[in-house]
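Participant: This is entry-v3.tsv, which holds TSV, C-alpha atoms:
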chain	number	residue	atom	x	y	z
P	54	MET	CA	28.82	-13.05	37.49
P	55	THR	CA	25.81	-12.96	35.20
P	56	ILE	CA	26.28	-12.85	31.45
P	57	THR	CA	23.27	-11.20	29.84
P	58	THR	CA	22.76	-12.51	26.34
P	59	ASP	CA	19.10	-11.66	25.90
P	60	THR	CA	18.97	-8.54	23.75
P	61	ILE	CA	15.37	-9.01	22.61
P	62	ARG	CA	13.06	-6.06	23.30
P	63	ASN	CA	9.55	-5.69	21.80
P	64	GLY	CA	10.34	-8.82	19.81
P	65	VAL	CA	13.31	-7.09	18.15
P	66	ASP	CA	16.85	-8.41	18.57
P	67	THR	CA	18.56	-5.14	19.47
P	68	GLY	CA	21.99	-6.78	19.40
P	69	ARG	CA	21.47	-7.70	15.77
P	70	MET	CA	19.91	-4.29	15.11
P	71	PHE	CA	22.95	-2.37	16.31
P	72	ALA	CA	25.31	-4.80	14.52
P	73	THR	CA	23.36	-4.17	11.28
P	74	LEU	CA	23.56	-0.41	11.74
P	75	ASP	CA	27.33	-0.61	12.37
P	76	LEU	CA	27.83	-2.76	9.29
P	77	ILE	CA	25.87	-0.36	7.06
P	78	LYS	CA	27.76	2.63	8.45
P	79	ALA	CA	31.04	0.88	7.57
P	80	GLN	CA	29.87	-0.34	4.14
P	81	PRO	CA	27.17	2.03	2.81
P	82	GLU	CA	26.94	0.09	-0.47
P	83	LEU	CA	25.20	-2.68	1.50
P	84	ALA	CA	22.26	-0.31	2.06
P	85	LYS	CA	21.04	-0.59	-1.56
P	86	PHE	CA	17.81	-2.61	-1.54
P	87	GLN	CA	15.29	-3.37	-4.27
P	88	PHE	CA	11.80	-4.64	-3.42
P	89	ARG	CA	9.46	-6.15	-6.02
P	90	ALA	CA	5.94	-7.30	-6.73
P	91	THR	CA	4.42	-9.03	-9.74
P	92	ASN	CA	0.70	-8.67	-10.39
P	93	ARG	CA	-1.75	-10.53	-12.62
P	94	TRP	CA	-5.31	-9.55	-13.52
P	95	ILE	CA	-7.83	-12.31	-12.78
P	96	ASP	CA	-11.30	-10.87	-13.58
P	97	GLY	CA	-13.02	-7.53	-13.16
P	98	SER	CA	-11.50	-5.75	-10.16
P	99	HIS	CA	-9.85	-8.97	-8.95
P	100	ASN	CA	-6.08	-9.10	-9.34
P	101	ARG	CA	-3.32	-10.78	-7.38
P	102	SER	CA	0.24	-9.82	-6.48
P	103	SER	CA	3.04	-12.27	-5.75
P	104	ILE	CA	5.87	-11.09	-3.53
P	105	LYS	CA	9.01	-13.03	-2.69
P	106	ASP	CA	12.44	-12.12	-4.01
P	107	PHE	CA	14.31	-8.93	-3.24
P	108	TYR	CA	17.82	-7.53	-3.48
P	109	ALA	CA	19.59	-6.58	-0.26
P	110	ALA	CA	23.06	-6.11	1.19
P	111	GLY	CA	24.96	-6.73	-2.01
P	112	GLY	CA	23.04	-9.67	-3.47
P	113	GLU	CA	19.76	-11.45	-4.08
P	114	ASP	CA	18.15	-12.38	-0.77
P	115	THR	CA	17.02	-16.00	-0.82
P	116	SER	CA	15.88	-16.33	2.78
P	117	ARG	CA	12.17	-16.49	1.95
P	118	SER	CA	11.03	-20.02	1.28
P	119	GLU	CA	7.53	-19.16	0.04
P	120	GLU	CA	5.96	-16.29	-1.82
P	121	PHE	CA	3.22	-14.09	-0.39
P	122	GLN	CA	0.06	-13.70	-2.43
P	123	LEU	CA	-2.21	-10.69	-2.05
P	124	ASP	CA	-5.67	-10.44	-3.61
P	125	ALA	CA	-7.19	-7.06	-4.40
P	126	GLY	CA	-10.81	-6.26	-5.22
P	127	GLU	CA	-13.53	-3.68	-4.94
P	128	PRO	CA	-16.82	-3.65	-3.03
P	129	ALA	CA	-20.14	-3.85	-4.91
P	130	ILE	CA	-20.62	-0.09	-5.06
P	131	LEU	CA	-17.36	0.12	-7.04
P	132	LEU	CA	-18.43	-2.74	-9.34
P	133	GLY	CA	-16.49	-5.54	-7.63
P	134	THR	CA	-17.28	-8.63	-5.58
P	135	ASP	CA	-15.02	-8.05	-2.55
P	136	THR	CA	-12.27	-10.41	-3.68
P	137	GLY	CA	-9.96	-8.48	-1.36
P	138	PRO	CA	-9.38	-5.03	0.11
P	139	ASN	CA	-9.31	-2.34	-2.55
P	140	PRO	CA	-6.03	-0.69	-3.60
P	141	ALA	CA	-6.59	2.48	-1.55
P	142	GLU	CA	-7.26	0.36	1.55
P	143	TYR	CA	-4.00	-1.52	0.87
P	144	LEU	CA	-2.23	1.84	0.86
P	145	LEU	CA	-3.70	2.65	4.30
P	146	HIS	CA	-2.48	-0.74	5.54
P	147	ALA	CA	1.02	-0.12	4.12
P	148	LEU	CA	1.15	3.20	5.96
P	149	ALA	CA	-0.16	1.75	9.25
P	150	ALA	CA	2.24	-1.19	9.09
P	151	CYS	CA	5.31	0.95	8.35
P	152	LEU	CA	4.60	3.50	11.08
P	153	THR	CA	3.89	0.71	13.57
P	154	THR	CA	7.09	-1.22	12.82
P	155	SER	CA	9.06	2.03	12.97
P	156	ILE	CA	7.58	2.76	16.42
P	157	VAL	CA	8.45	-0.75	17.64
P	158	TYR	CA	12.05	-0.59	16.34
P	159	VAL	CA	12.68	2.94	17.64
P	160	ALA	CA	11.26	1.97	21.04
P	161	ALA	CA	13.49	-1.14	21.13
P	162	ALA	CA	16.57	0.99	20.34
P	163	ARG	CA	15.62	3.46	23.07
P	164	LYS	CA	14.99	0.80	25.74
P	165	VAL	CA	11.22	1.37	25.84
P	166	GLU	CA	9.16	-1.78	26.44
P	167	LEU	CA	5.87	-1.36	24.61
P	168	THR	CA	2.68	-3.03	25.74
P	169	SER	CA	0.44	-2.03	22.82
P	170	VAL	CA	0.43	-0.10	19.56
P	171	GLU	CA	-2.95	0.35	17.90
P	172	SER	CA	-4.00	2.67	15.10
P	173	THR	CA	-7.02	3.69	13.09
P	174	LEU	CA	-6.53	5.21	9.65
P	175	THR	CA	-9.08	7.05	7.56
P	176	GLY	CA	-8.73	8.44	4.05
P	177	GLU	CA	-11.19	10.85	2.44
P	178	MET	CA	-11.81	10.52	-1.28
P	179	ASP	CA	-14.12	12.23	-3.75
P	180	VAL	CA	-14.50	9.41	-6.26
P	181	ARG	CA	-15.48	11.79	-9.08
P	182	GLY	CA	-11.73	12.12	-9.71
P	183	ALA	CA	-10.86	8.43	-10.09
P	184	LEU	CA	-14.11	7.72	-11.97
P	185	GLY	CA	-13.30	10.47	-14.47
P	186	VAL	CA	-16.58	12.32	-13.86
P	187	ASP	CA	-14.96	15.62	-12.89
P	188	ASP	CA	-11.43	16.96	-13.34
P	189	GLU	CA	-11.44	19.01	-10.16
P	190	PRO	CA	-11.24	16.44	-7.34
P	191	ARG	CA	-7.93	14.60	-7.22
P	192	ASN	CA	-8.01	10.84	-7.83
P	193	GLY	CA	-6.57	9.77	-4.50
P	194	PHE	CA	-7.28	10.60	-0.88
P	195	GLU	CA	-7.57	14.31	-0.14
P	196	ASN	CA	-6.08	13.60	3.27
P	197	ILE	CA	-5.29	10.72	5.60
P	198	THR	CA	-5.63	10.73	9.38
P	199	VAL	CA	-3.69	8.25	11.53
P	200	SER	CA	-4.74	7.94	15.19
P	201	PHE	CA	-2.30	6.00	17.34
P	202	ARG	CA	-2.73	4.65	20.84
P	203	VAL	CA	0.68	3.63	22.20
P	204	THR	CA	1.33	2.26	25.69
P	205	GLY	CA	4.54	1.11	27.37
P	206	ASP	CA	6.89	1.48	30.33
P	207	ALA	CA	7.91	5.06	29.56
P	208	ALA	CA	6.56	8.48	30.39
P	209	GLU	CA	4.04	10.04	28.05
P	210	GLU	CA	6.63	12.48	26.73
P	211	LYS	CA	9.06	9.70	25.81
P	212	LEU	CA	6.33	7.71	24.04
P	213	HIS	CA	5.48	10.80	21.99
P	214	GLU	CA	9.18	11.18	21.11
P	215	VAL	CA	9.29	7.57	19.93
P	216	VAL	CA	6.28	8.12	17.64
P	217	GLU	CA	7.76	11.36	16.31
P	218	ARG	CA	11.12	9.74	15.53
P	219	ALA	CA	9.31	6.79	13.85
P	220	ARG	CA	7.28	9.21	11.70
P	221	LYS	CA	10.49	10.92	10.61
P	222	ARG	CA	12.08	7.61	9.57
P	223	SER	CA	9.15	5.64	8.13
P	224	ALA	CA	9.69	4.61	4.51
P	225	VAL	CA	5.98	4.49	3.59
P	226	TYR	CA	5.14	7.71	5.47
P	227	ASP	CA	7.86	9.42	3.43
P	228	MET	CA	6.49	8.02	0.17
P	229	VAL	CA	2.83	8.75	0.92
P	230	THR	CA	3.44	12.30	2.11
P	231	ASN	CA	6.20	13.32	-0.34
P	232	GLY	CA	5.52	11.19	-3.40
P	233	VAL	CA	7.89	9.04	-5.46
P	234	PRO	CA	8.79	9.22	-9.18
P	235	VAL	CA	6.99	6.33	-10.92
P	236	ALA	CA	7.92	5.20	-14.45
P	237	VAL	CA	5.26	3.18	-16.31
P	238	GLU	CA	6.36	1.00	-19.25
P	239	VAL	CA	3.93	-0.90	-21.49
P	240	THR	CA	4.28	-3.74	-23.96
P	241	THR	CA	1.30	-5.16	-25.86
P	242	ASP	CA	2.53	-8.37	-27.46
D	142	MET	CA	-35.61	-9.14	-32.29
D	143	THR	CA	-32.77	-9.80	-29.89
D	144	ILE	CA	-32.67	-7.99	-26.60
D	145	THR	CA	-29.06	-7.78	-25.43
D	146	THR	CA	-28.95	-7.61	-21.66
D	147	ASP	CA	-25.39	-8.79	-21.14
D	148	THR	CA	-23.32	-5.69	-20.46
D	149	ILE	CA	-20.43	-7.51	-18.81
D	150	ARG	CA	-17.01	-6.84	-20.34
D	151	ASN	CA	-13.71	-7.84	-18.69
D	152	GLY	CA	-15.80	-8.96	-15.73
D	153	VAL	CA	-17.14	-5.43	-15.27
D	154	ASP	CA	-20.85	-4.67	-15.56
D	155	THR	CA	-20.64	-1.68	-17.89
D	156	GLY	CA	-24.39	-1.04	-17.59
D	157	ARG	CA	-23.99	-0.56	-13.85
D	158	MET	CA	-20.78	1.40	-14.43
D	159	PHE	CA	-22.46	3.98	-16.67
D	160	ALA	CA	-25.49	4.15	-14.36
D	161	THR	CA	-23.14	4.86	-11.42
D	162	LEU	CA	-21.34	7.58	-13.37
D	163	ASP	CA	-24.67	9.20	-14.33
D	164	LEU	CA	-25.87	9.09	-10.73
D	165	ILE	CA	-22.69	10.74	-9.42
D	166	LYS	CA	-22.84	13.40	-12.12
D	167	ALA	CA	-26.39	14.21	-11.04
D	168	GLN	CA	-25.66	14.06	-7.29
D	169	PRO	CA	-21.96	14.91	-6.70
D	170	GLU	CA	-22.43	14.65	-2.92
D	171	LEU	CA	-22.70	10.86	-3.37
D	172	ALA	CA	-19.03	10.83	-4.47
D	173	LYS	CA	-17.72	11.43	-0.93
D	174	PHE	CA	-16.11	8.18	0.26
D	175	GLN	CA	-14.05	7.35	3.35
D	176	PHE	CA	-11.92	4.21	3.51
D	177	ARG	CA	-10.46	2.88	6.77
D	178	ALA	CA	-8.04	0.42	8.30
D	179	THR	CA	-7.32	-0.47	11.91
D	180	ASN	CA	-3.95	-1.92	12.82
D	181	ARG	CA	-2.62	-3.72	15.88
D	182	TRP	CA	0.98	-4.54	16.76
D	183	ILE	CA	1.54	-8.24	17.50
D	184	ASP	CA	5.30	-8.69	18.06
D	185	GLY	CA	8.49	-7.29	16.55
D	186	SER	CA	7.79	-6.35	12.92
D	187	HIS	CA	4.54	-8.35	12.91
D	188	ASN	CA	1.37	-6.28	12.86
D	189	ARG	CA	-2.08	-6.85	11.43
D	190	SER	CA	-4.66	-4.59	9.80
D	191	SER	CA	-8.39	-5.23	9.75
D	192	ILE	CA	-10.40	-3.71	6.92
D	193	LYS	CA	-14.16	-3.82	6.55
D	194	ASP	CA	-16.38	-0.79	6.96
D	195	PHE	CA	-16.34	2.29	4.75
D	196	TYR	CA	-18.49	5.30	4.00
D	197	ALA	CA	-19.86	5.66	0.47
D	198	ALA	CA	-22.68	7.28	-1.46
D	199	GLY	CA	-24.20	9.13	1.48
D	200	GLY	CA	-23.99	6.49	4.20
D	201	GLU	CA	-22.12	3.65	5.86
D	202	ASP	CA	-21.70	0.78	3.42
D	203	THR	CA	-22.70	-2.50	5.06
D	204	SER	CA	-22.35	-4.79	2.05
D	205	ARG	CA	-19.22	-6.56	3.34
D	206	SER	CA	-20.10	-9.53	5.50
D	207	GLU	CA	-16.55	-10.26	6.72
D	208	GLU	CA	-13.46	-8.22	7.44
D	209	PHE	CA	-10.19	-8.61	5.60
D	210	GLN	CA	-7.07	-9.20	7.69
D	211	LEU	CA	-3.61	-8.32	6.40
D	212	ASP	CA	-0.39	-9.36	8.15
D	213	ALA	CA	2.78	-7.34	7.70
D	214	GLY	CA	6.33	-8.34	8.57
D	215	GLU	CA	9.96	-8.00	7.62
D	216	PRO	CA	12.50	-10.50	6.28
D	217	ALA	CA	15.39	-11.67	8.47
D	218	ILE	CA	17.81	-9.06	7.16
D	219	LEU	CA	15.44	-6.37	8.46
D	220	LEU	CA	15.08	-8.15	11.82
D	221	GLY	CA	11.77	-9.88	11.18
D	222	THR	CA	10.51	-13.43	10.65
D	223	ASP	CA	8.56	-13.00	7.38
D	224	THR	CA	5.14	-12.84	9.01
D	225	GLY	CA	3.96	-11.09	5.84
D	226	PRO	CA	5.14	-8.79	3.05
D	227	ASN	CA	6.85	-5.70	4.38
D	228	PRO	CA	5.12	-2.30	4.28
D	229	ALA	CA	7.03	-1.06	1.21
D	230	GLU	CA	6.08	-4.23	-0.67
D	231	TYR	CA	2.43	-3.62	0.29
D	232	LEU	CA	2.73	-0.17	-1.25
D	233	LEU	CA	3.97	-1.73	-4.52
D	234	HIS	CA	0.98	-4.09	-4.44
D	235	ALA	CA	-1.43	-1.20	-3.83
D	236	LEU	CA	0.02	0.61	-6.84
D	237	ALA	CA	-0.07	-2.48	-9.09
D	238	ALA	CA	-3.63	-3.33	-8.06
D	239	CYS	CA	-4.96	0.19	-8.62
D	240	LEU	CA	-3.35	0.63	-12.04
D	241	THR	CA	-4.55	-2.83	-13.10
D	242	THR	CA	-8.16	-2.25	-12.02
D	243	SER	CA	-8.09	1.16	-13.70
D	244	ILE	CA	-6.88	-0.46	-16.95
D	245	VAL	CA	-9.64	-3.10	-16.75
D	246	TYR	CA	-12.40	-0.53	-16.08
D	247	VAL	CA	-11.20	1.91	-18.75
D	248	ALA	CA	-10.95	-0.94	-21.28
D	249	ALA	CA	-14.49	-2.08	-20.39
D	250	ALA	CA	-15.83	1.45	-20.89
D	251	ARG	CA	-14.04	1.70	-24.26
D	252	LYS	CA	-15.27	-1.69	-25.52
D	253	VAL	CA	-11.84	-3.32	-25.40
D	254	GLU	CA	-11.86	-7.01	-24.43
D	255	LEU	CA	-8.66	-7.72	-22.53
D	256	THR	CA	-7.03	-11.12	-22.51
D	257	SER	CA	-4.25	-10.40	-19.99
D	258	VAL	CA	-2.82	-7.68	-17.78
D	259	GLU	CA	0.46	-8.48	-16.04
D	260	SER	CA	2.92	-6.20	-14.31
D	261	THR	CA	6.23	-6.25	-12.51
D	262	LEU	CA	7.06	-3.47	-10.05
D	263	THR	CA	10.44	-2.62	-8.58
D	264	GLY	CA	11.32	0.00	-5.99
D	265	GLU	CA	14.86	1.13	-5.20
D	266	MET	CA	15.66	2.03	-1.60
D	267	ASP	CA	18.82	3.06	0.24
D	268	VAL	CA	17.94	1.78	3.69
D	269	ARG	CA	20.37	4.14	5.43
D	270	GLY	CA	17.48	6.64	5.41
D	271	ALA	CA	14.84	4.53	7.12
D	272	LEU	CA	17.42	3.02	9.51
D	273	GLY	CA	18.51	6.49	10.59
D	274	VAL	CA	22.16	5.86	9.68
D	275	ASP	CA	22.45	8.79	7.28
D	276	ASP	CA	20.28	11.86	6.73
D	277	GLU	CA	21.01	12.12	3.02
D	278	PRO	CA	19.10	9.19	1.46
D	279	ARG	CA	15.33	9.54	1.68
D	280	ASN	CA	13.47	6.95	3.75
D	281	GLY	CA	11.28	5.56	0.99
D	282	PHE	CA	11.86	4.36	-2.55
D	283	GLU	CA	14.01	6.66	-4.68
D	284	ASN	CA	11.96	5.57	-7.68
D	285	ILE	CA	9.46	2.91	-8.73
D	286	THR	CA	9.28	1.23	-12.13
D	287	VAL	CA	6.07	-0.44	-13.32
D	288	SER	CA	6.35	-2.68	-16.40
D	289	PHE	CA	2.98	-3.71	-17.88
D	290	ARG	CA	2.21	-6.32	-20.47
D	291	VAL	CA	-1.36	-5.81	-21.72
D	292	THR	CA	-3.06	-7.89	-24.41
D	293	GLY	CA	-6.56	-7.71	-25.87
D	294	ASP	CA	-8.69	-7.36	-28.99
D	295	ALA	CA	-7.56	-3.85	-29.84
D	296	ALA	CA	-4.70	-2.33	-31.81
D	297	GLU	CA	-1.46	-1.58	-30.00
D	298	GLU	CA	-2.16	2.15	-30.08
D	299	LYS	CA	-5.56	1.74	-28.44
D	300	LEU	CA	-4.12	-0.50	-25.70
D	301	HIS	CA	-1.52	2.16	-24.97
D	302	GLU	CA	-4.29	4.79	-24.78
D	303	VAL	CA	-6.18	2.64	-22.27
D	304	VAL	CA	-3.09	2.35	-20.04
D	305	GLU	CA	-2.43	6.08	-20.32
D	306	ARG	CA	-6.01	6.98	-19.37
D	307	ALA	CA	-5.86	4.49	-16.45
D	308	ARG	CA	-2.62	6.05	-15.21
D	309	LYS	CA	-4.24	9.48	-15.28
D	310	ARG	CA	-7.22	8.28	-13.21
D	311	SER	CA	-5.64	5.83	-10.76
D	312	ALA	CA	-6.19	6.81	-7.13
D	313	VAL	CA	-3.04	5.11	-5.80
D	314	TYR	CA	-0.85	6.30	-8.69
D	315	ASP	CA	-1.96	9.85	-7.85
D	316	MET	CA	-1.16	9.37	-4.16
D	317	VAL	CA	2.20	7.66	-4.68
D	318	THR	CA	3.43	10.16	-7.27
D	319	ASN	CA	1.99	13.37	-5.79
D	320	GLY	CA	1.79	12.64	-2.07
D	321	VAL	CA	-1.10	13.13	0.38
D	322	PRO	CA	-1.30	15.23	3.56
D	323	VAL	CA	-1.13	12.81	6.52
D	324	ALA	CA	-2.08	13.88	10.06
D	325	VAL	CA	-0.71	11.71	12.89
D	326	GLU	CA	-2.44	11.86	16.29
D	327	VAL	CA	-1.14	10.04	19.39
D	328	THR	CA	-2.65	9.09	22.73
D	329	THR	CA	-0.68	7.20	25.36
D	330	ASP	CA	-3.24	6.09	27.94
Is it possible to give me this structure as structure tokens?
Facilitator:
Amino acid sequence: MTITTDTIRNGVDTGRMFATLDLIKAQPELAKFQFRATNRWIDGSHNRSSIKDFYAAGGEDTSRSEEFQLDAGEPAILLGTDTGPNPAEYLLHALAACLTTSIVYVAAARKVELTSVESTLTGEMDVRGALGVDDEPRNGFENITVSFRVTGDAAEEKLHEVVERARKRSAVYDMVTNGVPVAVEVTTD
Amino acid sequence: MTITTDTIRNGVDTGRMFATLDLIKAQPELAKFQFRATNRWIDGSHNRSSIKDFYAAGGEDTSRSEEFQLDAGEPAILLGTDTGPNPAEYLLHALAACLTTSIVYVAAARKVELTSVESTLTGEMDVRGALGVDDEPRNGFENITVSFRVTGDAAEEKLHEVVERARKRSAVYDMVTNGVPVAVEVTTD
């Protein structure tokens, strides 16, 4: 008799995944999460976010021992000194990362062993909007294209189904395509 | 006679800024930009984006000597090992960074010397959506709150005007609040 205890697929512990899903189905109030970032201007287009604490599953999550720091900047043509990717590039990364993780998790749940997931993202922008030169072009990207190459031990059709399901469940894809209400508060003292 | 050549304010070269705006007004075709990211899955929720090249002002911009690399991950409760901020946290950073740089640039253009710009962002998410447990909650944040503290050598009213103008011109604020069309292409070989 062999007892199989290895539930890891694509680096995802599917045993824990299904246990988490069952728990949230039984106690939906555990599904309320709050993520956070704090940001501080340094100089010119250079600013830095710190990311650590978040609320999850009924309480403050304290599992992270160290905070992440992210530096933003602009290239020379947008008056910066390349202290980091610019904010629009960070948005492309957020979208790529969310779709990719969604693909990996969906594949793990559906017993598909992936060998690679690669993507190239492009966003088209007419900077007259953000620079305030012209009111007609929007400030942000007019459109974004995501080109995935996904390989694994499943037929082409099944791999396409995995990507499609991931797209339908991705948190950042939802936000970037549908928008989110954003409240901005300001104090000056 | 004193010749003032120092046009730097808040770390922004306002002389170059106004020259750039004049150039784009005269030749709107120079305003077409394309930003890019490439992403590669590493393991589980760990994936990495590389960001370097972009198209700007009529040609490929080659001013960046090195690429930026950004690692994404998930905390333990979302089946990861904290290999980086998660994608939704990256989106909060993108929003914070864009609003902050917009505030700094608008203030520079309006002759306001800033002393500090700090912000805290929170995003509320019911993870039943993204986890596919329930179709009712959306996948992404239900709402985002951005709390700014801005100080500088201007009256409170003027600082509020700077933030309001920055909000109206921020590329990422536009994208996150209004959404962007995203095309997803997939190859599997």
Participant: Centre and edge lengths, as AutoDock Vina command-line options, for the axis-aligned box enclosing every listed atom of range 129-146 of chain P with 5 Å of padding on each of the six sides, in Å to one decimal?
Facilitator:
--center_x -11.4 --center_y -3.9 --center_z -1.9 --size_x 28.4 --size_y 23.1 --size_z 24.9
Participant: Got a sec: who's within 8 Å of Asp96 in chain P, counting only C-alpha atoms, leaving out chain neighbours fewer than 2 positions off, as an MDAnalysis selection string?
Facilitator: (chainID P and resid 94 98:100) or (chainID D and resid 151:152)
Participant: How many Å separate CA of Gln210 in chain D from CA of Pro226 in chain D?
Facilitator: 13.1 Å
Participant: Quick one: everything within 6 Å of Ala183 in chain P, counting only C-alpha atoms, minus sequence neighbours fewer than 2 positions away in the same chain. Send it as a ChimeraX atom specification.
Facilitator: /P:180-181,185,192 /D:310-312
Participant: With all atoms listed in the file as the counted atoms, please give the residues lying no more than 10 Å from Val313 in chain D, apart from itself and same-chain residues fewer than 3 positions off, as a list of chain:residue names.
Facilitator: P:Pro140, P:Ala141, P:Glu142, P:Tyr143, P:Leu144, P:Ala183, P:Asn192, P:Gly193, P:Phe194, P:Val229, D:Leu232, D:Leu233, D:Ala235, D:Leu236, D:Ala237, D:Ala238, D:Cys239, D:Leu240, D:Arg308, D:Arg310, D:Met316, D:Val317, D:Thr318, D:Asn319, D:Gly320
Participant: Pull the neighbourhood of (-12.5, -0.2, -20.9) for me: all residues within 12 Å in file coordinates, counting all atoms listed in the file, as an MDAnalysis selection string.
Facilitator: (chainID P and resid 97) or (chainID D and resid 149:155 158:159 241:255 293:295 299:307)
Participant: Report, in Å to a single decimal, how far apart CA of Gly264 in chain D and CA of Asp75 in chain P are.
Facilitator: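 These atoms are spaced 24.4 Å apart.
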Participant: So that I can check the surroundings of Phe86 in chain P, please list as a list in words every protein, DNA and RNA residue that reaches within 7 Å of it, counting all atoms listed in the file and ignoring chain neighbours fewer than 4 positions away.
Facilitator: Tyr108, Ala109 and Ala110 of chain P; Glu265, Met266, Asp267 and Val268 of chain D
Participant: Name the residues in contact with Val170 in chain P at a cut-off of 7 Å, using all atoms listed in the file, excluding same-chain residues fewer than 2 positions from it; report them as a PyMOL selection string.
Facilitator: (chain P and resi 153+172+202-204) or (chain D and resi 181-182)
Participant: For the selection just defined, write its residues with C-alpha atoms to a file, as a PDB file, keeping the file's coordinate frame.
Facilitator:
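What landed in selection18.pdb:
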ATOM      1  CA  THR P 153       3.890   0.710  13.570  1.00  0.00           C
ATOM      2  CA  SER P 172      -4.000   2.670  15.100  1.00  0.00           C
ATOM      3  CA  ARG P 202      -2.730   4.650  20.840  1.00  0.00           C
ATOM      4  CA  VAL P 203       0.680   3.630  22.200  1.00  0.00           C
ATOM      5  CA  THR P 204       1.330   2.260  25.690  1.00  0.00           C
TER       6      THR P 204
ATOM      7  CA  ARG D 181      -2.620  -3.720  15.880  1.00  0.00           C
ATOM      8  CA  TRP D 182       0.980  -4.540  16.760  1.00  0.00           C
TER       9      TRP D 182
END
Participant: Which is closer to chain D than all the others in P:Ser116, P:Thr91, P:Ala208, P:Asn139, using all atoms listed in the file?
Facilitator: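 Ranking P:Ser116, P:Thr91, P:Ala208, P:Asn139 by distance to chain D, first place goes to P:Thr91.
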